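Shown next: final24.cif, given as mmCIF, C-alpha atoms and all ligand atoms.
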data_model
loop_
_atom_site.label_atom_id
_atom_site.label_comp_id
_atom_site.auth_asym_id
_atom_site.auth_seq_id
_atom_site.Cartn_x
_atom_site.Cartn_y
_atom_site.Cartn_z
CA MET M 1 11.60 -6.10 6.60
CA ILE M 2 8.99 -8.40 5.12
CA GLN M 3 10.05 -11.92 4.18
CA ILE M 4 7.74 -13.47 1.61
CA ARG M 5 8.30 -17.15 0.87
CA ASP M 6 6.75 -19.35 -1.83
CA ILE M 7 3.36 -17.65 -1.77
CA GLU M 8 0.72 -19.32 -3.95
CA MET M 9 -2.58 -17.55 -4.50
CA GLY M 10 -4.89 -18.92 -7.15
CA PHE M 11 -8.49 -18.18 -8.13
CA GLY M 12 -9.83 -21.25 -9.91
CA GLY M 13 -7.56 -21.59 -12.92
CA VAL M 14 -5.92 -18.17 -12.46
CA ARG M 15 -2.62 -18.17 -10.59
CA ALA M 16 -2.46 -14.59 -9.33
CA LEU M 17 0.71 -15.27 -7.31
CA SER M 18 3.01 -18.16 -8.09
CA LYS M 19 5.89 -19.22 -5.80
CA LEU M 20 6.39 -15.58 -4.90
CA THR M 21 9.55 -15.21 -2.83
CA VAL M 22 11.16 -11.86 -1.95
CA ASP M 23 12.56 -9.95 1.03
CA LEU M 24 11.16 -6.42 1.03
CA ASP M 25 14.07 -4.90 2.92
CA ASP M 26 13.87 -1.13 2.82
CA THR M 27 11.71 1.55 4.42
CA ILE M 28 9.78 2.42 1.25
CA VAL M 29 9.51 -0.39 -1.27
CA GLY M 30 7.77 -0.16 -4.63
CA VAL M 31 5.75 -2.93 -6.29
CA ILE M 32 5.19 -2.47 -10.00
CA GLY M 33 4.05 -4.61 -12.92
CA PRO M 34 1.54 -4.65 -15.77
CA ASN M 35 -2.24 -4.86 -15.22
CA GLY M 36 -3.18 -8.20 -13.71
CA ALA M 37 0.38 -8.93 -12.52
CA GLY M 38 -0.80 -9.73 -8.98
CA LYS M 39 0.07 -6.49 -7.16
CA THR M 40 -3.29 -5.92 -5.46
CA THR M 41 -3.50 -9.65 -4.73
CA LEU M 42 -0.20 -9.38 -2.86
CA LEU M 43 -1.60 -6.55 -0.70
CA ASN M 44 -4.76 -8.60 -0.10
CA VAL M 45 -2.63 -11.51 1.10
CA LEU M 46 -0.54 -9.22 3.31
CA ASN M 47 -3.53 -7.61 5.02
CA GLY M 48 -5.51 -10.85 5.32
CA PHE M 49 -8.34 -10.30 2.82
CA LEU M 50 -7.03 -13.40 1.07
CA ARG M 51 -5.53 -16.55 2.56
CA PRO M 52 -2.85 -17.99 0.28
CA GLN M 53 -2.87 -21.70 -0.59
CA ALA M 54 0.82 -21.99 0.35
CA GLY M 55 3.80 -20.05 1.62
CA SER M 56 4.76 -17.88 4.56
CA ILE M 57 5.16 -14.19 5.36
CA THR M 58 7.13 -12.69 8.23
CA ALA M 59 6.95 -8.95 8.94
CA PHE M 60 9.49 -7.62 11.46
CA GLY M 61 9.69 -11.12 12.94
CA GLN M 62 5.91 -11.55 13.18
CA ASP M 63 4.33 -14.48 11.33
CA LEU M 64 1.70 -12.43 9.51
CA LEU M 65 -0.39 -15.31 8.17
CA ALA M 66 -0.90 -16.57 11.75
CA LEU M 67 -2.79 -13.36 12.61
CA ALA M 68 -6.46 -12.82 11.73
CA PRO M 69 -7.03 -9.66 9.65
CA HIS M 70 -8.20 -7.59 12.66
CA ARG M 71 -5.13 -8.71 14.63
CA ARG M 72 -2.93 -7.53 11.76
CA ALA M 73 -4.61 -4.12 11.92
CA HIS M 74 -4.04 -4.03 15.66
CA TRP M 75 -0.41 -5.04 15.13
CA GLY M 76 0.01 -1.93 12.95
CA LEU M 77 -0.80 -3.04 9.41
CA ARG M 78 -2.62 -0.35 7.42
CA ARG M 79 -3.86 -0.14 3.89
CA THR M 80 -5.01 2.38 1.32
CA PHE M 81 -7.16 1.16 -1.54
CA GLN M 82 -7.15 1.37 -5.32
CA ASN M 83 -10.70 2.76 -4.91
CA GLU M 84 -10.41 4.93 -1.81
CA GLN M 85 -12.70 4.10 1.12
CA VAL M 86 -13.51 7.54 2.56
CA VAL M 87 -17.05 7.52 3.99
CA ASP M 88 -19.25 10.23 2.41
CA ASP M 89 -21.57 10.76 5.40
CA MET M 90 -18.80 11.17 7.98
CA SER M 91 -16.67 14.22 8.65
CA LEU M 92 -12.98 14.11 7.76
CA TRP M 93 -12.26 14.01 11.51
CA ASP M 94 -14.51 10.97 12.06
CA ASN M 95 -13.17 9.24 8.95
CA VAL M 96 -9.72 9.34 10.57
CA ALA M 97 -10.80 8.88 14.22
CA VAL M 98 -12.72 5.68 13.44
CA MET M 99 -9.39 3.96 12.77
CA LEU M 100 -8.61 4.28 16.50
CA ASP M 101 -11.95 2.81 17.65
CA THR M 102 -10.42 -0.46 18.76
CA VAL M 103 -7.36 1.13 20.36
CA ARG M 104 -7.37 1.94 24.09
CA LEU M 105 -6.40 5.60 24.31
CA ALA M 106 -7.15 8.57 26.54
CA ARG M 107 -9.39 11.12 24.83
CA THR M 108 -6.66 13.75 24.56
CA ALA M 109 -4.16 11.29 23.10
CA ARG M 110 -6.78 10.17 20.58
CA ASN M 111 -7.53 13.75 19.57
CA ASP M 112 -3.83 14.58 19.28
CA GLN M 113 -3.21 11.60 17.01
CA VAL M 114 -6.17 12.37 14.74
CA GLN M 115 -5.12 16.00 14.51
CA ALA M 116 -1.50 15.03 13.76
CA ALA M 117 -2.58 12.67 10.97
CA ILE M 118 -4.83 15.30 9.35
CA HIS M 119 -2.09 17.90 9.65
CA PHE M 120 0.47 15.50 8.17
CA VAL M 121 -1.50 15.18 4.93
CA GLY M 122 -2.10 18.93 4.69
CA LEU M 123 -5.84 18.91 5.47
CA SER M 124 -5.85 20.96 8.69
CA GLY M 125 -8.88 23.26 8.82
CA ASN M 126 -11.08 20.76 6.96
CA GLU M 127 -11.86 18.52 9.94
CA GLN M 128 -15.61 19.09 9.96
CA ARG M 129 -16.19 18.76 6.22
CA LEU M 130 -18.12 15.66 5.19
CA GLY M 131 -16.38 13.01 3.11
CA ARG M 132 -18.66 13.78 0.19
CA SER M 133 -17.50 17.40 0.04
CA LEU M 134 -13.83 16.47 -0.36
CA ASN M 135 -12.43 16.52 -3.90
CA ALA M 136 -10.60 13.54 -5.38
CA PHE M 137 -7.19 14.67 -4.14
CA GLU M 138 -8.46 15.53 -0.64
CA ARG M 139 -10.11 12.11 -0.45
CA ARG M 140 -6.83 10.47 -1.40
CA MET M 141 -5.02 12.43 1.30
CA ALA M 142 -7.79 11.66 3.82
CA GLU M 143 -7.24 7.99 3.14
CA ILE M 144 -3.54 8.41 3.84
CA ALA M 145 -4.42 10.16 7.12
CA ARG M 146 -6.50 7.07 8.00
CA ALA M 147 -3.47 4.89 7.30
CA VAL M 148 -0.96 6.85 9.38
CA VAL M 149 -3.08 7.66 12.44
CA GLY M 150 -1.96 6.00 15.69
CA THR M 151 1.13 3.81 15.52
CA PRO M 152 1.33 2.12 12.13
CA ARG M 153 4.18 -0.32 11.46
CA LEU M 154 3.51 -1.26 7.87
CA ILE M 155 1.45 0.78 5.40
CA LEU M 156 0.35 -0.76 2.12
CA MET M 157 -0.68 1.72 -0.58
CA ASP M 158 -2.49 0.66 -3.74
CA GLU M 159 -2.10 3.24 -6.53
CA PRO M 160 -2.38 6.41 -4.43
CA GLY M 161 -1.09 8.44 -7.39
CA ALA M 162 -3.76 7.41 -9.89
CA GLY M 163 -5.48 10.36 -11.55
CA LEU M 164 -3.54 13.11 -9.74
CA SER M 165 -2.22 16.27 -11.43
CA PRO M 166 1.57 16.79 -11.49
CA GLN M 167 1.28 19.30 -8.64
CA GLU M 168 -0.84 16.94 -6.52
CA SER M 169 1.53 14.11 -7.32
CA GLY M 170 4.39 16.26 -5.98
CA ILE M 171 2.58 16.73 -2.66
CA LEU M 172 1.84 13.00 -2.51
CA ARG M 173 5.54 12.25 -3.05
CA ALA M 174 6.56 14.47 -0.15
CA VAL M 175 3.93 12.89 2.11
CA ILE M 176 4.94 9.32 1.26
CA THR M 177 8.63 10.09 1.71
CA SER M 178 7.90 11.53 5.17
CA ILE M 179 5.93 8.52 6.48
CA PRO M 180 8.93 6.51 7.75
CA VAL M 181 10.46 9.63 9.32
CA GLN M 182 7.29 10.88 11.02
CA PHE M 183 5.59 7.64 11.96
CA GLY M 184 8.38 5.03 11.91
CA ALA M 185 6.38 2.85 9.54
CA MET M 186 7.53 0.91 6.50
CA VAL M 187 5.65 1.63 3.25
CA VAL M 188 4.89 -0.77 0.41
CA LEU M 189 3.77 1.30 -2.55
CA ILE M 190 2.02 0.04 -5.68
CA ASP M 191 1.72 2.50 -8.53
CA HIS M 192 1.72 2.66 -12.30
CA ASP M 193 3.42 6.07 -12.10
CA VAL M 194 7.04 5.01 -12.44
CA GLN M 195 8.23 8.55 -11.65
CA LEU M 196 6.43 8.41 -8.30
CA ILE M 197 8.02 5.02 -7.60
CA ALA M 198 11.49 6.25 -8.64
CA ALA M 199 11.16 9.37 -6.46
CA THR M 200 9.99 7.58 -3.31
CA CYS M 201 11.16 3.94 -3.32
CA ALA M 202 14.75 2.95 -2.60
CA LYS M 203 13.95 -0.58 -3.76
CA THR M 204 11.32 -1.98 -6.09
CA ALA M 205 9.87 -5.41 -6.82
CA VAL M 206 8.49 -6.15 -10.27
CA LEU M 207 5.72 -8.70 -10.75
CA ASP M 208 4.57 -10.18 -14.02
CA PHE M 209 1.93 -12.94 -14.23
CA GLY M 210 2.22 -13.50 -10.47
CA THR M 211 5.96 -14.10 -10.40
CA LEU M 212 8.83 -11.88 -9.32
CA ILE M 213 10.89 -10.84 -12.33
CA ALA M 214 13.13 -8.30 -10.58
CA TYR M 215 13.90 -6.87 -7.13
CA GLY M 216 16.56 -4.40 -6.06
CA PRO M 217 17.50 -0.73 -6.13
CA THR M 218 14.79 1.08 -8.10
CA ASP M 219 17.13 2.65 -10.67
CA HIS M 220 18.67 -0.76 -11.46
CA VAL M 221 15.30 -2.45 -11.69
CA LEU M 222 13.87 0.14 -14.07
CA LYS M 223 16.77 -0.46 -16.47
CA ASP M 224 16.37 -4.26 -16.40
CA SER M 225 15.62 -5.68 -19.85
CA ARG M 226 13.10 -8.21 -18.45
CA VAL M 227 11.23 -5.37 -16.78
CA LYS M 228 11.12 -3.32 -19.97
CA ALA M 229 9.97 -6.38 -21.89
CA ALA M 230 7.17 -7.09 -19.42
CA TYR M 231 5.85 -3.57 -19.80
CA LEU M 232 6.05 -3.61 -23.57
CA GLY M 233 4.62 -7.11 -23.78
CA GLU M 234 7.66 -8.19 -25.78
CA GLU M 235 9.65 -11.41 -25.63
CA VAL M 236 12.51 -11.36 -23.15
CA VAL M 237 15.77 -11.29 -25.09
N1 LIG M 301 -11.11 -12.21 -6.37
C1 LIG M 301 -10.64 -12.65 -7.56
N2 LIG M 301 -11.25 -13.65 -8.23
C2 LIG M 301 -10.76 -14.11 -9.40
N3 LIG M 301 -9.65 -13.63 -10.00
C3 LIG M 301 -9.01 -12.61 -9.39
C4 LIG M 301 -9.46 -12.08 -8.14
N4 LIG M 301 -8.61 -11.09 -7.77
C5 LIG M 301 -7.67 -11.02 -8.73
N5 LIG M 301 -7.90 -11.94 -9.70
C6 LIG M 301 -7.06 -12.18 -10.89
O1 LIG M 301 -5.72 -12.30 -10.44
C7 LIG M 301 -4.83 -11.64 -11.32
C8 LIG M 301 -4.08 -10.56 -10.58
O2 LIG M 301 -4.98 -9.50 -10.25
P1 LIG M 301 -4.55 -8.22 -9.40
O3 LIG M 301 -5.77 -7.44 -9.13
O4 LIG M 301 -3.75 -8.65 -8.24
O5 LIG M 301 -3.61 -7.45 -10.43
P2 LIG M 301 -2.90 -6.02 -10.31
O6 LIG M 301 -1.44 -6.26 -10.54
O7 LIG M 301 -3.30 -5.35 -9.06
O8 LIG M 301 -3.48 -5.25 -11.60
P3 LIG M 301 -3.89 -3.70 -11.81
O9 LIG M 301 -2.59 -3.00 -12.15
O10 LIG M 301 -4.80 -3.75 -12.98
O11 LIG M 301 -4.54 -3.21 -10.56
C9 LIG M 301 -5.68 -11.13 -12.48
O12 LIG M 301 -5.66 -12.09 -13.51
C10 LIG M 301 -7.06 -11.00 -11.86
O13 LIG M 301 -8.07 -11.12 -12.84
MG MG M 302 -4.35 -3.63 -8.64
#

Let me see the structure of the file written as structure tokens.
Amino acid sequence: MIQIRDIEMGFGGVRALSKLTVDLDDTIVGVIGPNGAGKTTLLNVLNGFLRPQAGSITAFGQDLLALAPHRRAHWGLRRTFQNEQVVDDMSLWDNVAVMLDTVRLARTARNDQVQAAIHFVGLSGNEQRLGRSLNAFERRMAEIARAVVGTPRLILMDEPGAGLSPQESGILRAVITSIPVQFGAMVVLIDHDVQLIAATCAKTAVLDFGTLIAYGPTDHVLKDSRVKAAYLGEEVV
């Protein structure tokens, strides 16, 4: 459960988030909205890339804004990026293992966790391939392995479905749905693919111009007239 209260995040004259208040209270929660709605900004505030001008955020009882970004990572906050961050010159194994660098772990436990994360995303057998040799889908899955390795509590995903084929998107769906079961972590998922959101997220928040225009069960939210209007750029009736 993430309690977001009155978050203000502005860049000069642009108010990317305005009095944003919502309780994200399910295991997989979607965040949707038109381009520029503030979705990535919200993830940047959650993981500490950005410090909001006002407001508070509590995640499972922890005051998130009181923790420096590296403390949030240590606490169990993970993130995948709109432009994935797989390192070309490192093997798949090292791309995942590096996430455990700051965690005290016995060598065998570390190896087991890296192996489990790579297996979870379906990339077993590719451990020694360099990042640069992975195709776009494998890179996307490698980034998810980086997010789940160890003991994540909260995983933020920014458009993991972008550019995938229908078959790849199906695999991604299954992987996302399994995260809470396998790793016990909550997922906050941003995507423009409404079918991916509908298939994976019990609840969804909708942002438009930095404000919350809807939150609730995904099927209800997708039928909401304000949500449809925001996507079509029409006046709310
Ligand atoms: N670092 C920044 N400096 C200035 N303006 C920014 C910055 N980051 C975001 N913005 C602005 O804040 C608003 C929200 O941007 P954000 O990237 O959060 O949108 P988004 O919902 O993720 O959009 P998209 O679907 O296109 O990824 C936009 O108007 C954007 O131009
Ligand atoms: Mg974005």

- Restricting the calculation to all atoms listed in the file, which member of M:Ala106, M:Val114, M:Val22, M:Val31 is positioned closest to M:Val206? M:Val31

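Coordinates place atom CA of M:Ile4 at a distance of 11.1 Å from atom CA of M:Leu212.
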
- Message: Residues contacting ligand MG 302 (chain M) - anything with an atom at most 10 Å away, using only C-alpha atoms and all ligand atoms - can you give me those as a PyMOL selection string?
- Response: chain M and resi 32-44+81-83+158-159+190-192

- Using only C-alpha atoms and all ligand atoms, which residue out of M:Ser91, M:Thr204, M:Thr27, M:Thr211 lies closest to ligand LIG 301 (chain M)? M:Thr211

- Task: Considering only C-alpha atoms, return as an NGL selection string whatever protein or nucleic-acid residues lie within 8 Å of stretch 64-75 of chain M, sequence-local ones (same chain, fewer than 5 positions apart) excluded.
- Result: :M and (46-49 or 51 or 56-59 or 102-103 or 152-153)

- Message: Need to verify the contact set: M:Glu127, 10 Å, all atoms listed in the file, exclusion of same-chain residues closer than 5 positions in sequence. Can you return it as number ranges by chain?
- Response: M: 91-96, 114-115, 118-119

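Non-sequential neighbours of M:Ile179 (distance at most 10 Å, separation of 4 or more positions within a chain, all atoms listed in the file) are M:Thr27, M:Ile28, M:Phe120, M:Ile144, M:Val148, M:Pro152, M:Ile155, M:Ala174, M:Val175, M:Phe183, M:Gly184, M:Ala185, M:Met186, M:Val187.
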
- Separating atom CA of M:Val149 from atom CA of M:Pro166, to the nearest tenth of an Å, is a gap of 26.0 Å

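Considering only C-alpha atoms, the residue among M:Pro52, M:Phe60, M:Val121, M:Leu172 positioned nearest to M:Asp23 is M:Phe60.
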
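One finds atom CA of M:Glu8 at 13.0 Å from atom C3 of ligand LIG 301 (chain M).
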
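When all atoms listed in the file are used to compute distances to ligand LIG 301 (chain M), the closest of the residues M:Gly61, M:Gly210, M:Pro217, M:Gly30 turns out to be M:Gly210.
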
- Query: Which is closest to ligand LIG 301 (chain M) among M:Met157, M:Ala54, M:Leu207, M:Cys201, if we use all atoms listed in the file?
  - Reply: M:Leu207

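Proximity ranking of M:Val14, M:Leu24, M:Met90, M:Ile7 relative to M:Gly216 places M:Leu24 first, based on all atoms listed in the file.
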
Once 6 Å is added on each side, what centre and edge lengths in Å to one decimal does the axis-aligned box around all listed atoms of ligand LIG 301 (chain M) have, as AutoDock Vina command-line options?
--center_x -6.3 --center_y -8.6 --center_z -9.9 --size_x 21.8 --size_y 23.1 --size_z 19.1

Just write stretch 49-88 of chain M with N, CA and C atoms, as a PDB file, in the first residue's frame, taken from the block above.
ATOM      1  N   PHE M  49      14.601  10.203  -7.634  1.00  0.00           N
ATOM      2  CA  PHE M  49      15.288  11.021  -8.637  1.00  0.00           C
ATOM      3  C   PHE M  49      14.864  12.476  -8.509  1.00  0.00           C
ATOM      4  N   LEU M  50      13.610  12.670  -8.111  1.00  0.00           N
ATOM      5  CA  LEU M  50      13.078  14.027  -7.950  1.00  0.00           C
ATOM      6  C   LEU M  50      12.564  14.203  -6.529  1.00  0.00           C
ATOM      7  N   ARG M  51      12.791  15.399  -5.985  1.00  0.00           N
ATOM      8  CA  ARG M  51      12.258  15.721  -4.656  1.00  0.00           C
ATOM      9  C   ARG M  51      11.070  16.658  -4.844  1.00  0.00           C
ATOM     10  N   PRO M  52       9.882  16.244  -4.441  1.00  0.00           N
ATOM     11  CA  PRO M  52       8.716  17.104  -4.674  1.00  0.00           C
ATOM     12  C   PRO M  52       8.755  18.361  -3.810  1.00  0.00           C
ATOM     13  N   GLN M  53       8.087  19.417  -4.286  1.00  0.00           N
ATOM     14  CA  GLN M  53       8.056  20.672  -3.528  1.00  0.00           C
ATOM     15  C   GLN M  53       7.152  20.560  -2.301  1.00  0.00           C
ATOM     16  N   ALA M  54       6.176  19.644  -2.358  1.00  0.00           N
ATOM     17  CA  ALA M  54       5.266  19.464  -1.219  1.00  0.00           C
ATOM     18  C   ALA M  54       4.672  18.071  -1.269  1.00  0.00           C
ATOM     19  N   GLY M  55       4.124  17.656  -0.094  1.00  0.00           N
ATOM     20  CA  GLY M  55       3.417  16.391  -0.030  1.00  0.00           C
ATOM     21  C   GLY M  55       4.183  15.311   0.711  1.00  0.00           C
ATOM     22  N   SER M  56       3.535  14.159   0.850  1.00  0.00           N
ATOM     23  CA  SER M  56       4.150  13.042   1.568  1.00  0.00           C
ATOM     24  C   SER M  56       3.811  11.726   0.873  1.00  0.00           C
ATOM     25  N   ILE M  57       4.686  10.740   1.080  1.00  0.00           N
ATOM     26  CA  ILE M  57       4.452   9.401   0.521  1.00  0.00           C
ATOM     27  C   ILE M  57       4.866   8.373   1.562  1.00  0.00           C
ATOM     28  N   THR M  58       3.939   7.466   1.863  1.00  0.00           N
ATOM     29  CA  THR M  58       4.226   6.371   2.781  1.00  0.00           C
ATOM     30  C   THR M  58       4.056   5.065   2.022  1.00  0.00           C
ATOM     31  N   ALA M  59       5.072   4.197   2.082  1.00  0.00           N
ATOM     32  CA  ALA M  59       4.992   2.899   1.419  1.00  0.00           C
ATOM     33  C   ALA M  59       5.137   1.809   2.468  1.00  0.00           C
ATOM     34  N   PHE M  60       4.098   1.032   2.678  1.00  0.00           N
ATOM     35  CA  PHE M  60       4.078  -0.019   3.706  1.00  0.00           C
ATOM     36  C   PHE M  60       4.558   0.550   5.046  1.00  0.00           C
ATOM     37  N   GLY M  61       4.051   1.739   5.381  1.00  0.00           N
ATOM     38  CA  GLY M  61       4.368   2.359   6.666  1.00  0.00           C
ATOM     39  C   GLY M  61       5.670   3.142   6.686  1.00  0.00           C
ATOM     40  N   GLN M  62       6.469   3.032   5.651  1.00  0.00           N
ATOM     41  CA  GLN M  62       7.752   3.748   5.590  1.00  0.00           C
ATOM     42  C   GLN M  62       7.570   5.112   4.925  1.00  0.00           C
ATOM     43  N   ASP M  63       8.035   6.162   5.590  1.00  0.00           N
ATOM     44  CA  ASP M  63       8.040   7.497   4.986  1.00  0.00           C
ATOM     45  C   ASP M  63       9.112   7.501   3.891  1.00  0.00           C
ATOM     46  N   LEU M  64       8.660   7.405   2.640  1.00  0.00           N
ATOM     47  CA  LEU M  64       9.601   7.223   1.535  1.00  0.00           C
ATOM     48  C   LEU M  64      10.458   8.462   1.300  1.00  0.00           C
ATOM     49  N   LEU M  65       9.838   9.645   1.424  1.00  0.00           N
ATOM     50  CA  LEU M  65      10.571  10.873   1.100  1.00  0.00           C
ATOM     51  C   LEU M  65      11.684  11.149   2.122  1.00  0.00           C
ATOM     52  N   ALA M  66      11.602  10.491   3.291  1.00  0.00           N
ATOM     53  CA  ALA M  66      12.650  10.675   4.304  1.00  0.00           C
ATOM     54  C   ALA M  66      13.901   9.868   3.962  1.00  0.00           C
ATOM     55  N   LEU M  67      13.803   8.944   3.009  1.00  0.00           N
ATOM     56  CA  LEU M  67      14.946   8.100   2.652  1.00  0.00           C
ATOM     57  C   LEU M  67      15.651   8.655   1.417  1.00  0.00           C
ATOM     58  N   ALA M  68      16.985   8.713   1.460  1.00  0.00           N
ATOM     59  CA  ALA M  68      17.765   9.067   0.272  1.00  0.00           C
ATOM     60  C   ALA M  68      17.550   7.976  -0.783  1.00  0.00           C
ATOM     61  N   PRO M  69      17.747   8.323  -2.071  1.00  0.00           N
ATOM     62  CA  PRO M  69      17.490   7.330  -3.124  1.00  0.00           C
ATOM     63  C   PRO M  69      18.169   5.977  -2.891  1.00  0.00           C
ATOM     64  N   HIS M  70      19.439   5.965  -2.447  1.00  0.00           N
ATOM     65  CA  HIS M  70      20.103   4.665  -2.264  1.00  0.00           C
ATOM     66  C   HIS M  70      19.509   3.892  -1.096  1.00  0.00           C
ATOM     67  N   ARG M  71      18.972   4.626  -0.096  1.00  0.00           N
ATOM     68  CA  ARG M  71      18.301   3.944   1.019  1.00  0.00           C
ATOM     69  C   ARG M  71      16.985   3.322   0.542  1.00  0.00           C
ATOM     70  N   ARG M  72      16.325   4.000  -0.404  1.00  0.00           N
ATOM     71  CA  ARG M  72      15.077   3.431  -0.941  1.00  0.00           C
ATOM     72  C   ARG M  72      15.377   2.136  -1.682  1.00  0.00           C
ATOM     73  N   ALA M  73      16.482   2.120  -2.426  1.00  0.00           N
ATOM     74  CA  ALA M  73      16.865   0.905  -3.147  1.00  0.00           C
ATOM     75  C   ALA M  73      17.149  -0.213  -2.148  1.00  0.00           C
ATOM     76  N   HIS M  74      17.844   0.137  -1.084  1.00  0.00           N
ATOM     77  CA  HIS M  74      18.176  -0.847  -0.062  1.00  0.00           C
ATOM     78  C   HIS M  74      16.921  -1.359   0.641  1.00  0.00           C
ATOM     79  N   TRP M  75      15.962  -0.474   0.812  1.00  0.00           N
ATOM     80  CA  TRP M  75      14.678  -0.823   1.438  1.00  0.00           C
ATOM     81  C   TRP M  75      13.897  -1.822   0.575  1.00  0.00           C
ATOM     82  N   GLY M  76      14.168  -1.819  -0.750  1.00  0.00           N
ATOM     83  CA  GLY M  76      13.484  -2.765  -1.634  1.00  0.00           C
ATOM     84  C   GLY M  76      12.742  -2.122  -2.788  1.00  0.00           C
ATOM     85  N   LEU M  77      13.035  -0.841  -3.034  1.00  0.00           N
ATOM     86  CA  LEU M  77      12.403  -0.143  -4.157  1.00  0.00           C
ATOM     87  C   LEU M  77      13.210  -0.389  -5.425  1.00  0.00           C
ATOM     88  N   ARG M  78      12.557  -0.842  -6.463  1.00  0.00           N
ATOM     89  CA  ARG M  78      13.224  -1.133  -7.738  1.00  0.00           C
ATOM     90  C   ARG M  78      12.480  -0.435  -8.857  1.00  0.00           C
ATOM     91  N   ARG M  79      13.163  -0.354  -9.993  1.00  0.00           N
ATOM     92  CA  ARG M  79      12.617   0.463 -11.068  1.00  0.00           C
ATOM     93  C   ARG M  79      13.045  -0.092 -12.409  1.00  0.00           C
ATOM     94  N   THR M  80      12.139  -0.140 -13.373  1.00  0.00           N
ATOM     95  CA  THR M  80      12.562  -0.341 -14.763  1.00  0.00           C
ATOM     96  C   THR M  80      12.246   0.951 -15.505  1.00  0.00           C
ATOM     97  N   PHE M  81      12.994   1.193 -16.588  1.00  0.00           N
ATOM     98  CA  PHE M  81      12.971   2.502 -17.215  1.00  0.00           C
ATOM     99  C   PHE M  81      12.296   2.492 -18.580  1.00  0.00           C
ATOM    100  N   GLN M  82      11.780   3.670 -18.949  1.00  0.00           N
ATOM    101  CA  GLN M  82      11.152   3.838 -20.255  1.00  0.00           C
ATOM    102  C   GLN M  82      12.189   3.514 -21.352  1.00  0.00           C
ATOM    103  N   ASN M  83      13.432   3.946 -21.145  1.00  0.00           N
ATOM    104  CA  ASN M  83      14.550   3.509 -22.002  1.00  0.00           C
ATOM    105  C   ASN M  83      15.393   2.573 -21.162  1.00  0.00           C
ATOM    106  N   GLU M  84      15.333   1.262 -21.469  1.00  0.00           N
ATOM    107  CA  GLU M  84      15.948   0.291 -20.552  1.00  0.00           C
ATOM    108  C   GLU M  84      17.448   0.568 -20.368  1.00  0.00           C
ATOM    109  N   GLN M  85      17.962   0.121 -19.220  1.00  0.00           N
ATOM    110  CA  GLN M  85      19.303   0.510 -18.758  1.00  0.00           C
ATOM    111  C   GLN M  85      20.286  -0.657 -18.759  1.00  0.00           C
ATOM    112  N   VAL M  86      20.041  -1.676 -19.596  1.00  0.00           N
ATOM    113  CA  VAL M  86      20.951  -2.822 -19.650  1.00  0.00           C
ATOM    114  C   VAL M  86      22.308  -2.345 -20.179  1.00  0.00           C
ATOM    115  N   VAL M  87      23.388  -2.787 -19.518  1.00  0.00           N
ATOM    116  CA  VAL M  87      24.732  -2.341 -19.908  1.00  0.00           C
ATOM    117  C   VAL M  87      25.270  -3.253 -21.009  1.00  0.00           C
ATOM    118  N   ASP M  88      25.654  -2.650 -22.147  1.00  0.00           N
ATOM    119  CA  ASP M  88      26.083  -3.406 -23.333  1.00  0.00           C
ATOM    120  C   ASP M  88      27.324  -4.265 -23.085  1.00  0.00           C
TER     121      ASP M  88
END
